[in-house]
Amino acid sequence: MSALPVPLTVISSTSNQYLWGQIGIGNNVLTQQPKNPGYWILVLDRRTLNVVFNQFQEAPNVAPNLGDYNSSDYILVLGTIGVGLNNQPQGEFFTFLDLNGGGRELRRVNQVATQFNCGSLGTFGYALVGTLGNQDMPGFEGSQITAGIDLAPILTVQLLPNDINGTTFYTPVSLNDA
């Protein structure tokens, strides 16, 4: 019997009053409740879907040190929690996200943050799922710029199993492709 697709959901948060986010990988639901706003970064092994890297960082300009995990054998999962538009991804962190699945939504947040600064727009939510390895391949993204309302993107994808030489590898796909 072949493996079934596994749901992956990223719940980011735009609220900077109640810092909270969740990531669900099948029945495994992880919760993050940091003391300060920032970026929640997970790395999943594409063969087992085990979490091999779990980091929360506040710095918007530092790429995570993934070491050997930054390869196509792994999946990047990212969600923001209460991040202000004055701390959007920039520098090395922007480049890292861009090379590992970030695209239109990442640039949308960056453009609004750069053009209008934090001002009355406040915080943003951003979620990303992509295959690692600096391949510059499109990932799956969602973003929300608050303008005073606490709505955040909830990103939903499926992890589709594929048999490659007798080993199952999971690949992120949109819901309608699973």
# chains A, B, ... in the order shown; residues from 1 in each chain; ligands from 1
$ residues_around --residues "Arg107 of chain A" --least-positions-apart "4" --cutoff "12 Å" --atoms "only C-alpha atoms" --output "ChimeraX atom specification"
/A:88-90,94-95,97-98,101-103,111-115,126,141-143
$ select_by_dssp --residues "segment 21-151 of chain A" --states "strand (DSSP E)" --output "PyMOL selection string"
chain A and resi 21-25+28-32+38-45+51-57+74-81+83-84+123-131+140-145
$ closest_residue --among "A:Thr146, A:Asn110, A:Thr14, A:Thr31" --to "Gly82 of chain A" --atoms "only C-alpha atoms"
A:Thr14
$ residues_around --residues "segment 62-74 of chain A" --least-positions-apart "2" --cutoff "9 Å" --atoms "only C-alpha atoms" --output "ChimeraX atom specification"
/A:41,43-47,49,52-53,55,57,59-60,76,89-97,100,130-135,169
$ closest_residue --among "A:Val109, A:Leu159, A:Ile164, A:Ile81" --to "Ile11 of chain A" --atoms "only C-alpha atoms"
A:Ile81
$ residues_around --residues "Leu4 of chain A" --least-positions-apart "6" --cutoff "12 Å" --atoms "only C-alpha atoms" --output "list in words"
Gly26, Gln158, Leu159, Leu160, Pro161, Asn162, Asp163, Thr168, Phe169, Tyr170, Thr171 and Ala178 of chain A
$ write_last_selection --atoms "all heavy atoms" --output "compact mmCIF listing (two decimals), in the first residue's frame"
# COMPACT_ATOMS: atom_id res chain seq x y z
N GLY A 26 0.39 16.49 9.57
CA GLY A 26 -0.48 15.35 9.85
C GLY A 26 -1.16 15.56 11.19
O GLY A 26 -1.72 16.62 11.45
N GLN A 158 -0.42 20.10 1.01
CA GLN A 158 -0.32 18.66 1.23
C GLN A 158 1.11 18.24 0.94
O GLN A 158 1.77 18.83 0.08
CB GLN A 158 -1.27 17.91 0.29
CG GLN A 158 -2.73 18.15 0.58
CD GLN A 158 -3.23 17.29 1.73
OE1 GLN A 158 -3.07 16.08 1.72
NE2 GLN A 158 -3.83 17.92 2.72
N LEU A 159 1.56 17.23 1.65
CA LEU A 159 2.87 16.64 1.39
C LEU A 159 2.61 15.34 0.65
O LEU A 159 2.12 14.36 1.23
CB LEU A 159 3.63 16.43 2.69
CG LEU A 159 3.87 17.72 3.48
CD1 LEU A 159 4.48 17.42 4.84
CD2 LEU A 159 4.75 18.69 2.70
N LEU A 160 2.90 15.36 -0.64
CA LEU A 160 2.59 14.24 -1.52
C LEU A 160 3.75 13.24 -1.54
O LEU A 160 4.89 13.60 -1.82
CB LEU A 160 2.34 14.76 -2.94
CG LEU A 160 1.83 13.76 -3.96
CD1 LEU A 160 0.43 13.29 -3.59
CD2 LEU A 160 1.82 14.39 -5.34
N PRO A 161 3.48 11.95 -1.23
CA PRO A 161 4.54 10.95 -1.24
C PRO A 161 4.88 10.53 -2.68
O PRO A 161 4.00 10.37 -3.52
CB PRO A 161 3.93 9.78 -0.47
CG PRO A 161 2.45 9.92 -0.65
CD PRO A 161 2.19 11.40 -0.80
N ASN A 162 6.17 10.40 -2.93
CA ASN A 162 6.67 9.92 -4.23
C ASN A 162 7.73 8.87 -3.96
O ASN A 162 8.61 9.08 -3.12
CB ASN A 162 7.31 11.07 -5.03
CG ASN A 162 6.33 12.14 -5.40
OD1 ASN A 162 5.38 11.88 -6.11
ND2 ASN A 162 6.54 13.34 -4.88
N ASP A 163 7.66 7.76 -4.67
CA ASP A 163 8.66 6.71 -4.53
C ASP A 163 9.81 6.99 -5.48
O ASP A 163 9.62 7.08 -6.69
CB ASP A 163 8.04 5.35 -4.83
CG ASP A 163 9.03 4.24 -4.58
OD1 ASP A 163 9.96 4.07 -5.40
OD2 ASP A 163 8.90 3.55 -3.55
N THR A 168 10.50 6.64 -0.08
CA THR A 168 9.42 7.62 -0.17
C THR A 168 9.94 8.99 0.20
O THR A 168 10.54 9.17 1.27
CB THR A 168 8.24 7.23 0.75
OG1 THR A 168 7.75 5.96 0.34
CG2 THR A 168 7.13 8.26 0.68
N PHE A 169 9.74 9.95 -0.68
CA PHE A 169 10.05 11.35 -0.43
C PHE A 169 8.74 12.13 -0.51
O PHE A 169 7.95 11.92 -1.44
CB PHE A 169 11.03 11.91 -1.48
CG PHE A 169 12.45 11.52 -1.26
CD1 PHE A 169 12.93 10.30 -1.73
CD2 PHE A 169 13.33 12.36 -0.59
CE1 PHE A 169 14.24 9.93 -1.52
CE2 PHE A 169 14.64 11.99 -0.38
CZ PHE A 169 15.10 10.77 -0.85
N TYR A 170 8.52 13.04 0.44
CA TYR A 170 7.32 13.89 0.43
C TYR A 170 7.65 15.23 -0.19
O TYR A 170 8.70 15.81 0.09
CB TYR A 170 6.80 14.08 1.86
CG TYR A 170 6.20 12.82 2.43
CD1 TYR A 170 7.00 11.88 3.08
CD2 TYR A 170 4.84 12.56 2.32
CE1 TYR A 170 6.45 10.72 3.60
CE2 TYR A 170 4.29 11.41 2.84
CZ TYR A 170 5.10 10.49 3.48
OH TYR A 170 4.56 9.34 3.99
N THR A 171 6.74 15.71 -1.03
CA THR A 171 6.93 16.98 -1.72
C THR A 171 5.72 17.87 -1.47
O THR A 171 4.58 17.41 -1.62
CB THR A 171 7.07 16.74 -3.24
OG1 THR A 171 8.21 15.88 -3.45
CG2 THR A 171 7.28 18.03 -4.00
N ALA A 178 -3.31 17.19 -4.56
CA ALA A 178 -3.08 16.00 -3.72
C ALA A 178 -4.12 14.92 -4.01
O ALA A 178 -5.20 15.16 -4.44
CB ALA A 178 -3.12 16.38 -2.24
$ closest_residue --among "A:Gly84, A:Pro153, A:Pro138, A:Pro172" --to "Gly21 of chain A" --atoms "only C-alpha atoms"
A:Pro153
$ closest_residue --among "A:Leu155, A:Leu121, A:Val83, A:Leu106" --to "Ser13 of chain A" --atoms "only C-alpha atoms"
A:Val83
$ atom_distance --atom1 "atom CA of Leu128 of chain A" --atom2 "atom CA of Pro34 of chain A"
19.0 Å
$ residues_around --residues "Asn28 of chain A" --least-positions-apart "5" --cutoff "12 Å" --atoms "only C-alpha atoms" --output "ChimeraX atom specification"
/A:6-9,22-23,49-51
$ closest_residue --among "A:Gln144, A:Leu42, A:Leu19, A:Ala3" --to "Phe124 of chain A" --atoms "only C-alpha atoms"
A:Gln144
$ atom_distance --atom1 "atom CA of Ser174 of chain A" --atom2 "atom CA of Gly24 of chain A"
15.5 Å
$ select_by_dssp --residues "chain A" --states "helix (DSSP H, G or I)" --output "NGL selection string"
:A and (67-69 or 85-87 or 91-99 or 104-116 or 119-121 or 175-177)
$ closest_residue --among "A:Gln17, A:Asp136, A:Asn86, A:Lys35" --to "Asn117 of chain A" --atoms "only C-alpha atoms"
A:Asn86
$ atom_distance --atom1 "atom CA of Val29 of chain A" --atom2 "atom CA of Thr123 of chain A"
24.7 Å
